[in-house]
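The next block is run04.json, given as JSON, C-alpha atoms and all ligand atoms.
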```
[["chain", "number", "residue", "atom", "x", "y", "z"],
["W", 1, "MET", "CA", 14.58, 2.03, -6.00],
["W", 2, "ALA", "CA", 15.34, -0.99, -8.16],
["W", 3, "LYS", "CA", 16.56, -4.03, -6.28],
["W", 4, "LYS", "CA", 20.18, -5.04, -6.53],
["W", 5, "LYS", "CA", 20.77, -7.91, -8.95],
["W", 6, "THR", "CA", 22.90, -10.82, -7.79],
["W", 7, "ILE", "CA", 24.47, -13.10, -10.38],
["W", 8, "ILE", "CA", 24.51, -16.86, -9.83],
["W", 9, "THR", "CA", 27.20, -18.90, -11.57],
["W", 10, "ALA", "CA", 26.71, -22.65, -11.77],
["W", 11, "ALA", "CA", 29.95, -24.64, -11.78],
["W", 12, "VAL", "CA", 28.43, -27.98, -12.67],
["W", 13, "THR", "CA", 31.27, -30.48, -12.80],
["W", 14, "GLY", "CA", 34.85, -29.20, -12.37],
["W", 15, "ALA", "CA", 37.75, -31.56, -12.89],
["W", 16, "TRP", "CA", 37.64, -33.86, -9.94],
["W", 17, "PRO", "CA", 34.39, -35.20, -8.41],
["W", 18, "LYS", "CA", 33.41, -38.54, -9.88],
["W", 19, "LYS", "CA", 30.29, -40.66, -9.79],
["W", 20, "GLU", "CA", 31.66, -42.48, -6.74],
["W", 21, "ASN", "CA", 31.78, -39.14, -4.89],
["W", 22, "ASN", "CA", 28.25, -38.29, -5.97],
["W", 23, "PRO", "CA", 26.35, -40.20, -8.67],
["W", 24, "ASN", "CA", 24.64, -36.96, -9.72],
["W", 25, "VAL", "CA", 27.81, -35.24, -10.97],
["W", 26, "PRO", "CA", 27.43, -34.70, -14.73],
["W", 27, "MET", "CA", 30.31, -36.15, -16.75],
["W", 28, "THR", "CA", 29.38, -36.45, -20.43],
["W", 29, "PRO", "CA", 28.61, -33.54, -22.76],
["W", 30, "SER", "CA", 24.96, -34.64, -22.74],
["W", 31, "GLU", "CA", 24.74, -34.74, -18.93],
["W", 32, "ILE", "CA", 26.55, -31.40, -18.64],
["W", 33, "ALA", "CA", 24.20, -29.78, -21.19],
["W", 34, "ASP", "CA", 21.13, -31.05, -19.31],
["W", 35, "ASP", "CA", 22.49, -29.74, -16.00],
["W", 36, "VAL", "CA", 23.31, -26.34, -17.49],
["W", 37, "TYR", "CA", 19.73, -26.05, -18.70],
["W", 38, "ALA", "CA", 18.29, -27.06, -15.33],
["W", 39, "CYS", "CA", 20.55, -24.52, -13.58],
["W", 40, "TRP", "CA", 19.48, -21.79, -16.01],
["W", 41, "LYS", "CA", 15.85, -22.62, -15.29],
["W", 42, "ALA", "CA", 16.60, -22.31, -11.56],
["W", 43, "GLY", "CA", 18.20, -18.86, -11.95],
["W", 44, "ALA", "CA", 21.84, -19.28, -12.99],
["W", 45, "ALA", "CA", 23.03, -16.56, -15.37],
["W", 46, "ILE", "CA", 26.47, -18.07, -15.99],
["W", 47, "ALA", "CA", 27.61, -21.66, -16.49],
["W", 48, "HIS", "CA", 31.26, -22.34, -15.70],
["W", 49, "LEU", "CA", 32.23, -25.43, -17.67],
["W", 50, "HIS", "CA", 34.87, -28.12, -17.41],
["W", 51, "MET", "CA", 35.02, -31.29, -19.49],
["W", 52, "ARG", "CA", 35.74, -34.91, -18.62],
["W", 53, "ASP", "CA", 37.35, -37.60, -20.72],
["W", 54, "ASP", "CA", 35.76, -41.02, -21.15],
["W", 55, "GLN", "CA", 37.34, -42.19, -17.88],
["W", 56, "GLY", "CA", 35.86, -39.21, -16.05],
["W", 57, "ASN", "CA", 39.12, -37.29, -15.65],
["W", 58, "GLY", "CA", 39.38, -33.56, -16.34],
["W", 59, "THR", "CA", 40.33, -32.82, -19.94],
["W", 60, "MET", "CA", 40.94, -29.73, -22.05],
["W", 61, "ASP", "CA", 39.93, -31.59, -25.22],
["W", 62, "THR", "CA", 38.56, -28.96, -27.61],
["W", 63, "ALA", "CA", 36.15, -31.45, -29.18],
["W", 64, "LYS", "CA", 34.45, -32.10, -25.83],
["W", 65, "PHE", "CA", 33.96, -28.40, -25.23],
["W", 66, "GLU", "CA", 32.60, -27.97, -28.74],
["W", 67, "GLU", "CA", 30.22, -30.91, -28.42],
["W", 68, "THR", "CA", 28.87, -29.61, -25.11],
["W", 69, "VAL", "CA", 28.47, -26.00, -26.26],
["W", 70, "ASN", "CA", 26.69, -27.20, -29.41],
["W", 71, "LEU", "CA", 24.42, -29.49, -27.41],
["W", 72, "ILE", "CA", 23.37, -26.65, -25.11],
["W", 73, "LYS", "CA", 22.54, -24.49, -28.13],
["W", 74, "THR", "CA", 20.73, -27.10, -30.20],
["W", 75, "ARG", "CA", 18.92, -29.03, -27.46],
["W", 76, "TYR", "CA", 17.88, -25.89, -25.55],
["W", 77, "PRO", "CA", 17.54, -23.02, -28.04],
["W", 78, "ASP", "CA", 15.70, -20.88, -25.45],
["W", 79, "CYS", "CA", 18.62, -21.06, -23.02],
["W", 80, "ASP", "CA", 20.51, -17.74, -23.10],
["W", 81, "ILE", "CA", 22.92, -18.57, -20.28],
["W", 82, "ILE", "CA", 26.41, -17.04, -20.43],
["W", 83, "LEU", "CA", 29.09, -19.67, -21.02],
["W", 84, "ASN", "CA", 32.31, -19.38, -19.05],
["W", 85, "LEU", "CA", 34.79, -22.04, -20.19],
["W", 86, "THR", "CA", 37.64, -23.08, -17.96],
["W", 87, "THR", "CA", 41.26, -22.77, -19.09],
["W", 88, "SER", "CA", 42.36, -24.95, -16.16],
["W", 89, "GLY", "CA", 40.65, -28.28, -16.54],
["W", 90, "ASP", "CA", 43.71, -30.53, -16.60],
["W", 91, "ILE", "CA", 47.01, -29.73, -14.88],
["W", 92, "HIS", "CA", 48.85, -31.81, -17.51],
["W", 93, "ALA", "CA", 47.53, -29.81, -20.48],
["W", 94, "ASP", "CA", 50.05, -27.50, -22.17],
["W", 95, "ASP", "CA", 49.47, -23.81, -22.70],
["W", 96, "ASP", "CA", 48.32, -24.23, -26.32],
["W", 97, "LEU", "CA", 45.67, -26.76, -25.40],
["W", 98, "ARG", "CA", 44.47, -24.65, -22.49],
["W", 99, "VAL", "CA", 43.37, -21.88, -24.87],
["W", 100, "ALA", "CA", 42.54, -23.83, -28.05],
["W", 101, "HIS", "CA", 38.82, -24.12, -27.22],
["W", 102, "VAL", "CA", 38.64, -20.40, -26.37],
["W", 103, "GLU", "CA", 40.13, -19.55, -29.77],
["W", 104, "LYS", "CA", 37.73, -21.89, -31.53],
["W", 105, "LEU", "CA", 34.48, -21.29, -29.63],
["W", 106, "LYS", "CA", 34.95, -17.67, -28.47],
["W", 107, "PRO", "CA", 32.80, -17.96, -25.35],
["W", 108, "GLU", "CA", 31.55, -14.80, -23.68],
["W", 109, "MET", "CA", 33.74, -15.59, -20.65],
["W", 110, "ALA", "CA", 36.67, -17.83, -19.75],
["W", 111, "SER", "CA", 38.50, -18.40, -16.50],
["W", 112, "TYR", "CA", 41.87, -16.76, -15.83],
["W", 113, "ASP", "CA", 43.71, -18.19, -12.83],
["W", 114, "CYS", "CA", 45.87, -15.33, -11.71],
["W", 115, "GLY", "CA", 48.84, -17.17, -10.22],
["W", 116, "SER", "CA", 50.34, -20.56, -9.45],
["W", 117, "MET", "CA", 49.87, -22.72, -6.39],
["W", 118, "ASN", "CA", 50.14, -26.21, -5.00],
["W", 119, "TRP", "CA", 47.03, -28.20, -5.82],
["W", 120, "LEU", "CA", 45.31, -30.42, -3.25],
["W", 121, "ASN", "CA", 48.67, -30.95, -1.50],
["W", 122, "SER", "CA", 49.68, -33.24, -4.32],
["W", 123, "SER", "CA", 50.64, -31.40, -7.51],
["W", 124, "LEU", "CA", 51.45, -28.05, -9.09],
["W", 125, "PHE", "CA", 48.84, -25.77, -10.61],
["W", 126, "ILE", "CA", 50.97, -23.65, -12.88],
["W", 127, "ASN", "CA", 49.89, -20.37, -14.44],
["W", 128, "SER", "CA", 53.18, -18.96, -15.63],
["W", 129, "PRO", "CA", 53.72, -15.26, -16.33],
["W", 130, "GLN", "CA", 54.00, -16.16, -20.03],
["W", 131, "PHE", "CA", 50.67, -18.00, -19.95],
["W", 132, "LEU", "CA", 48.91, -15.18, -18.12],
["W", 133, "GLU", "CA", 50.21, -12.57, -20.57],
["W", 134, "ARG", "CA", 49.22, -14.68, -23.52],
["W", 135, "CYS", "CA", 45.77, -15.41, -22.12],
["W", 136, "GLY", "CA", 45.09, -11.80, -21.18],
["W", 137, "LEU", "CA", 46.00, -10.48, -24.62],
["W", 138, "LEU", "CA", 44.16, -13.28, -26.41],
["W", 139, "PHE", "CA", 40.99, -12.65, -24.42],
["W", 140, "GLN", "CA", 41.16, -8.94, -25.29],
["W", 141, "GLU", "CA", 41.61, -9.75, -28.97],
["W", 142, "LEU", "CA", 38.65, -12.16, -28.98],
["W", 143, "ASN", "CA", 36.55, -9.98, -26.66],
["W", 144, "VAL", "CA", 36.25, -12.80, -24.12],
["W", 145, "LYS", "CA", 35.74, -11.49, -20.59],
["W", 146, "PRO", "CA", 38.21, -13.06, -18.17],
["W", 147, "GLU", "CA", 36.85, -14.35, -14.91],
["W", 148, "ILE", "CA", 39.84, -13.69, -12.68],
["W", 149, "GLU", "CA", 40.05, -16.56, -10.24],
["W", 150, "ALA", "CA", 41.90, -15.54, -7.08],
["W", 151, "PHE", "CA", 42.77, -18.32, -4.64],
["W", 152, "ASP", "CA", 44.58, -15.91, -2.34],
["W", 153, "PRO", "CA", 45.12, -12.14, -2.02],
["W", 154, "GLY", "CA", 48.44, -12.32, -3.89],
["W", 155, "MET", "CA", 46.53, -13.23, -7.02],
["W", 156, "ILE", "CA", 44.56, -9.98, -6.74],
["W", 157, "ALA", "CA", 47.85, -8.09, -6.60],
["W", 158, "ASN", "CA", 48.95, -10.03, -9.67],
["W", 159, "ALA", "CA", 45.78, -8.98, -11.50],
["W", 160, "ALA", "CA", 46.51, -5.35, -10.59],
["W", 161, "TYR", "CA", 49.96, -5.76, -12.14],
["W", 162, "TYR", "CA", 48.52, -7.11, -15.39],
["W", 163, "LEU", "CA", 45.93, -4.35, -15.42],
["W", 164, "LYS", "CA", 48.70, -1.77, -15.21],
["W", 165, "LYS", "CA", 50.66, -3.57, -17.93],
["W", 166, "GLY", "CA", 47.64, -3.63, -20.27],
["W", 167, "VAL", "CA", 47.41, -7.43, -20.29],
["W", 168, "LEU", "CA", 44.03, -7.11, -18.57],
["W", 169, "LYS", "CA", 41.49, -4.40, -19.23],
["W", 170, "ALA", "CA", 39.24, -2.73, -16.63],
["W", 171, "PRO", "CA", 36.68, -3.32, -15.31],
["W", 172, "LEU", "CA", 37.83, -6.70, -14.01],
["W", 173, "HIS", "CA", 35.56, -9.43, -12.73],
["W", 174, "PHE", "CA", 36.94, -11.58, -9.92],
["W", 175, "GLN", "CA", 35.99, -14.99, -8.63],
["W", 176, "PHE", "CA", 37.27, -15.40, -5.07],
["W", 177, "CYS", "CA", 37.95, -19.11, -4.63],
["W", 178, "MET", "CA", 37.60, -19.63, -0.90],
["W", 179, "GLY", "CA", 38.50, -22.64, 1.16],
["W", 180, "CYS", "CA", 40.49, -24.59, -1.45],
["W", 181, "ALA", "CA", 43.43, -26.61, -0.13],
["W", 182, "ASN", "CA", 46.54, -24.36, -0.29],
["W", 183, "GLY", "CA", 44.40, -21.27, -0.95],
["W", 184, "ILE", "CA", 42.89, -18.72, 1.41],
["W", 185, "PRO", "CA", 40.62, -20.40, 3.99],
["W", 186, "GLY", "CA", 36.91, -19.75, 3.54],
["W", 187, "SER", "CA", 35.78, -17.41, 6.29],
["W", 188, "LEU", "CA", 33.75, -14.24, 6.32],
["W", 189, "LYS", "CA", 36.72, -12.27, 7.63],
["W", 190, "ASN", "CA", 38.85, -13.52, 4.74],
["W", 191, "LEU", "CA", 36.12, -12.79, 2.20],
["W", 192, "LEU", "CA", 35.90, -9.22, 3.44],
["W", 193, "PHE", "CA", 39.68, -8.95, 3.20],
["W", 194, "MET", "CA", 39.63, -10.22, -0.41],
["W", 195, "LYS", "CA", 36.92, -7.69, -1.30],
["W", 196, "GLU", "CA", 38.76, -4.80, 0.35],
["W", 197, "THR", "CA", 42.06, -5.81, -1.26],
["W", 198, "MET", "CA", 40.32, -5.86, -4.65],
["W", 199, "GLU", "CA", 38.73, -2.44, -4.07],
["W", 200, "GLN", "CA", 42.08, -0.99, -3.09],
["W", 201, "LEU", "CA", 44.13, -2.51, -5.93],
["W", 202, "CYS", "CA", 41.57, -2.78, -8.74],
["W", 203, "PRO", "CA", 38.85, -0.20, -8.01],
["W", 204, "GLY", "CA", 35.66, -0.52, -10.03],
["W", 205, "SER", "CA", 35.88, -4.32, -10.32],
["W", 206, "THR", "CA", 32.98, -6.70, -9.81],
["W", 207, "TRP", "CA", 33.29, -9.91, -7.84],
["W", 208, "SER", "CA", 31.79, -13.27, -7.06],
["W", 209, "CYS", "CA", 32.91, -16.02, -4.71],
["W", 210, "PHE", "CA", 32.39, -19.61, -3.76],
["W", 211, "GLY", "CA", 33.26, -21.70, -0.74],
["W", 212, "VAL", "CA", 34.51, -25.25, -1.01],
["W", 213, "GLY", "CA", 33.23, -27.81, 1.47],
["W", 214, "HIS", "CA", 31.98, -26.56, 4.80],
["W", 215, "SER", "CA", 32.57, -22.87, 3.99],
["W", 216, "ALA", "CA", 29.96, -22.94, 1.20],
["W", 217, "MET", "CA", 27.06, -21.50, 3.17],
["W", 218, "GLU", "CA", 29.17, -18.87, 4.91],
["W", 219, "MET", "CA", 30.39, -17.69, 1.51],
["W", 220, "LEU", "CA", 26.87, -17.71, 0.04],
["W", 221, "TYR", "CA", 25.45, -15.51, 2.79],
["W", 222, "GLY", "CA", 28.65, -13.42, 2.87],
["W", 223, "ALA", "CA", 28.56, -12.76, -0.88],
["W", 224, "VAL", "CA", 24.96, -11.56, -0.72],
["W", 225, "ALA", "CA", 25.51, -9.42, 2.39],
["W", 226, "LEU", "CA", 28.71, -7.83, 1.04],
["W", 227, "GLY", "CA", 27.16, -6.99, -2.34],
["W", 228, "GLY", "CA", 28.95, -9.62, -4.38],
["W", 229, "ASN", "CA", 27.80, -12.47, -6.60],
["W", 230, "ILE", "CA", 27.84, -16.17, -5.94],
["W", 231, "ARG", "CA", 28.99, -19.40, -7.57],
["W", 232, "VAL", "CA", 27.57, -22.75, -6.56],
["W", 233, "GLY", "CA", 27.62, -26.30, -7.92],
["W", 234, "MET", "CA", 29.29, -29.65, -7.81],
["W", 235, "GLU", "CA", 32.70, -28.38, -8.93],
["W", 236, "ASP", "CA", 32.91, -26.93, -5.41],
["W", 237, "ASN", "CA", 30.67, -29.20, -3.33],
["W", 238, "VAL", "CA", 29.25, -32.66, -3.77],
["W", 239, "MET", "CA", 27.44, -32.40, -0.42],
["W", 240, "TYR", "CA", 24.31, -30.26, -0.19],
["W", 241, "ALA", "CA", 24.54, -30.25, 3.60],
["W", 242, "LYS", "CA", 26.39, -32.19, 6.25],
["W", 243, "GLY", "CA", 25.81, -35.88, 5.58],
["W", 244, "GLN", "CA", 23.58, -35.19, 2.56],
["W", 245, "LEU", "CA", 24.76, -35.65, -1.02],
["W", 246, "ALA", "CA", 23.45, -33.09, -3.50],
["W", 247, "ASP", "CA", 20.60, -34.29, -5.72],
["W", 248, "SER", "CA", 21.62, -32.05, -8.58],
["W", 249, "ASN", "CA", 23.40, -28.86, -9.51],
["W", 250, "ALA", "CA", 20.03, -27.15, -9.82],
["W", 251, "GLN", "CA", 19.40, -27.85, -6.13],
["W", 252, "PHE", "CA", 22.35, -25.58, -5.27],
["W", 253, "VAL", "CA", 21.14, -22.87, -7.66],
["W", 254, "GLU", "CA", 17.62, -23.02, -6.20],
["W", 255, "ARG", "CA", 18.99, -22.49, -2.70],
["W", 256, "ALA", "CA", 21.19, -19.58, -3.80],
["W", 257, "ALA", "CA", 18.19, -17.98, -5.55],
["W", 258, "ARG", "CA", 16.10, -18.37, -2.38],
["W", 259, "VAL", "CA", 18.79, -16.73, -0.22],
["W", 260, "ILE", "CA", 19.20, -13.85, -2.69],
["W", 261, "ARG", "CA", 15.44, -13.19, -2.80],
["W", 262, "GLU", "CA", 14.96, -13.54, 0.94],
["W", 263, "TYR", "CA", 17.73, -11.01, 1.43],
["W", 264, "GLY", "CA", 15.84, -8.55, -0.75],
["W", 265, "ASN", "CA", 17.84, -8.74, -3.99],
["W", 266, "ASP", "CA", 16.79, -10.00, -7.40],
["W", 267, "VAL", "CA", 18.45, -12.92, -9.16],
["W", 268, "ALA", "CA", 20.15, -11.47, -12.26],
["W", 269, "THR", "CA", 19.03, -12.82, -15.62],
["W", 270, "PRO", "CA", 21.75, -13.63, -18.17],
["W", 271, "ASP", "CA", 21.08, -10.33, -19.98],
["W", 272, "GLU", "CA", 21.28, -8.40, -16.71],
["W", 273, "ALA", "CA", 24.56, -10.18, -15.93],
["W", 274, "ARG", "CA", 25.85, -9.23, -19.41],
["W", 275, "GLU", "CA", 25.11, -5.61, -18.58],
["W", 276, "ILE", "CA", 26.67, -5.77, -15.09],
["W", 277, "LEU", "CA", 29.83, -7.47, -16.37],
["W", 278, "GLY", "CA", 30.10, -5.45, -19.58],
["W", 279, "LEU", "CA", 30.18, -8.47, -21.86],
["W", 280, "ARG", "CA", 30.45, -8.02, -25.61],
["W", 281, "LYS", "CA", 27.21, -7.13, -27.38],
["L", 1, "ZN", "ZN", 36.60, -24.40, -12.69]]
```
Re-express the file's structure as structure tokens.
Ligand code: ZN
Amino acid sequence: MAKKKTIITAAVTGAWPKKENNPNVPMTPSEIADDVYACWKAGAAIAHLHMRDDQGNGTMDTAKFEETVNLIKTRYPDCDIILNLTTSGDIHADDDLRVAHVEKLKPEMASYDCGSMNWLNSSLFINSPQFLERCGLLFQELNVKPEIEAFDPGMIANAAYYLKKGVLKAPLHFQFCMGCANGIPGSLKNLLFMKETMEQLCPGSTWSCFGVGHSAMEMLYGAVALGGNIRVGMEDNVMYAKGQLADSNAQFVERAARVIREYGNDVATPDEAREILGLRK
């Protein structure tokens, strides 16, 4: 029997960690492109991308996305990694700006945060019903696969609602965001609950997960053992282990690939991930 394929997503920068948190976090389009290539070499099938402005803050600037996507393609023509662009890279960006780069660049995937929440105990992370309807319909029109980020089980229920309404189209692909402040804590029990909630409300969906901070390893092993897929990288963790800063994003991908192979699965190539997720041909 063929081995199960596990998809690794590399989330290389996110919106928050800066060089003072870890000097190896990529910030510029050039640094991000180089990290994406290194992660692809190490086994990542998907790159989840955020952009930073010149001060290192998260930005939804279309030009930065375009520059980075072009750099990946021109500097590394052999790199066939799937690009998954965030729609939530700056909580101050308006709804138009949050989708402008998706309309322009038509990536194979883009993130879809399926509800609102408090963010890091300090601000609001708003994904209004109007925004979610607009995004869902736009992604269908452009044939961009949404990566449904669920920070708690209520967001899975919300995805089921939009599925029923036709705003989202089956099969869905979820990213369970575990251990974020104000979201569901990252534990194996909670991961199993997220998976079972998804299977009950949105049968036939695929899923991946990541754990922020100290839940990272529990989520990595949990994802593999429960038949899911895994996301790693400096968007979620700047520490590789307790007291040890990560050397690079690729270091996280290499570890995930080792765990997947030791478990007895194969690391999915980008084309295998395209097949599993039903991305556009
Ligand atoms: Zn992100």
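Taking CA of Gly166 in chain W and CA of Phe151 in chain W as endpoints, the distance between them is 22.0 Å.
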| said: Can you measure CA of Gly227 in chain W to CA of Asn143 in chain W for me? One decimal in Å is fine. | reply: 26.2 Å
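CA of Leu120 in chain W to CA of Glu235 in chain W spans 14.0 Å [interatomic distance, one decimal].
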| task | Mind checking which residues fall within 12 Å of range 241-245 of chain W, counting all atoms listed in the file, ignoring those fewer than 4 positions away in the same chain, and posting them as a PyMOL selection string? | result | chain W and resi 19-25+213-217+233-234+237+249+251-252+255
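Shortest separation to Gln175 in chain W among W:Ala100, W:Ile91, W:Ala11, W:Val144 occurs at residue W:Ala11, atoms counted being only C-alpha atoms.
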| query | When the cut-off is 9 Å and you count only C-alpha atoms and all ligand atoms, which residues lie near ligand ZN 1 (chain L), shown as a list in words? | reply | Ala11, Val12, Thr13, Gly14, Ala15, His48, Leu49, His50, Leu85, Thr86, Thr87, Ser88, Gly89, Ser111, Glu149, Glu235 and Asp236 of chain W
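Closest approach to Pro26 in chain W among W:Leu220, W:Ile7, W:Ala38, W:Cys177 is made by W:Ala38 (distances from only C-alpha atoms).
Here the question is which of W:Cys79, W:Leu137, W:Ile156, W:Leu172 gets nearest to Leu279 in chain W using only C-alpha atoms, and that residue is W:Leu172.
Checking W:Cys202, W:Leu163, W:Ala93, W:Leu83 one by one against Ala110 in chain W, counting all atoms listed in the file, you find the shortest gap at W:Leu83.
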Using all atoms listed in the file, what does the table of range 17-58 of chain W residues within 9 Å of range 263-272 of chain W look like, with each row giving the shortest atom pair and its distance in Å to one decimal, sorted by chain and ascending number, as a tab-separated table?
```
residue	atom	partner	partner_atom	distance
W:Trp40	CA	W:Pro270	CA	8.7
W:Gly43	CA	W:Val267	CA	6.6
W:Ala44	CA	W:Thr269	CA	7.5
W:Ala45	CA	W:Pro270	CA	4.3
W:Ile46	CA	W:Pro270	CA	6.8
```
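Of the residues under consideration (W:Glu103, W:Glu218, W:Asp152, W:Glu199), W:Asp152 shows the shortest atom-to-atom contact distance to Gly183 in chain W when counting only C-alpha atoms.
The shortest atom-to-atom distance to Asp113 in chain W, with all atoms listed in the file taken into account, belongs to W:Gly154 out of W:Pro77, W:Gly154, W:Pro185, W:Pro203.
Using all atoms listed in the file, the residues found no farther than 12 Å from Ser128 in chain W, other than those of its own chain fewer than 5 positions away, are Asp94, Asp95, Tyr112, Asp113, Cys114, Gly115, Ser116, Met117, Glu133, Arg134, Cys135 and Asn158 of chain W.
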| request: Find the residues near Met60 in chain W: any atom within 7 Å, counting only C-alpha atoms, skip ones fewer than 2 places away on the same chain, and give them as a PyMOL selection string. | output: chain W and resi 51+62+89-90+93+97-98
Enclose range 231-247 of chain W, meaning all of its atoms listed in the file, in a box aligned along x, y and z, pad it by 6 Å on each side, and list the centre and edge lengths in Å to one decimal, as lines of an AutoDock Vina configuration file.
```
center_x = 26.8
center_y = -27.6
center_z = -1.3
size_x = 24.3
size_y = 28.5
size_z = 27.2
```
| query | Taking (36.6, -37.5, -17.2) in the file's coordinates, which residues come within 9 Å, counting only C-alpha atoms, written as a VMD selection string? | reply | chain W and resid 15 to 16 18 27 to 28 51 to 59
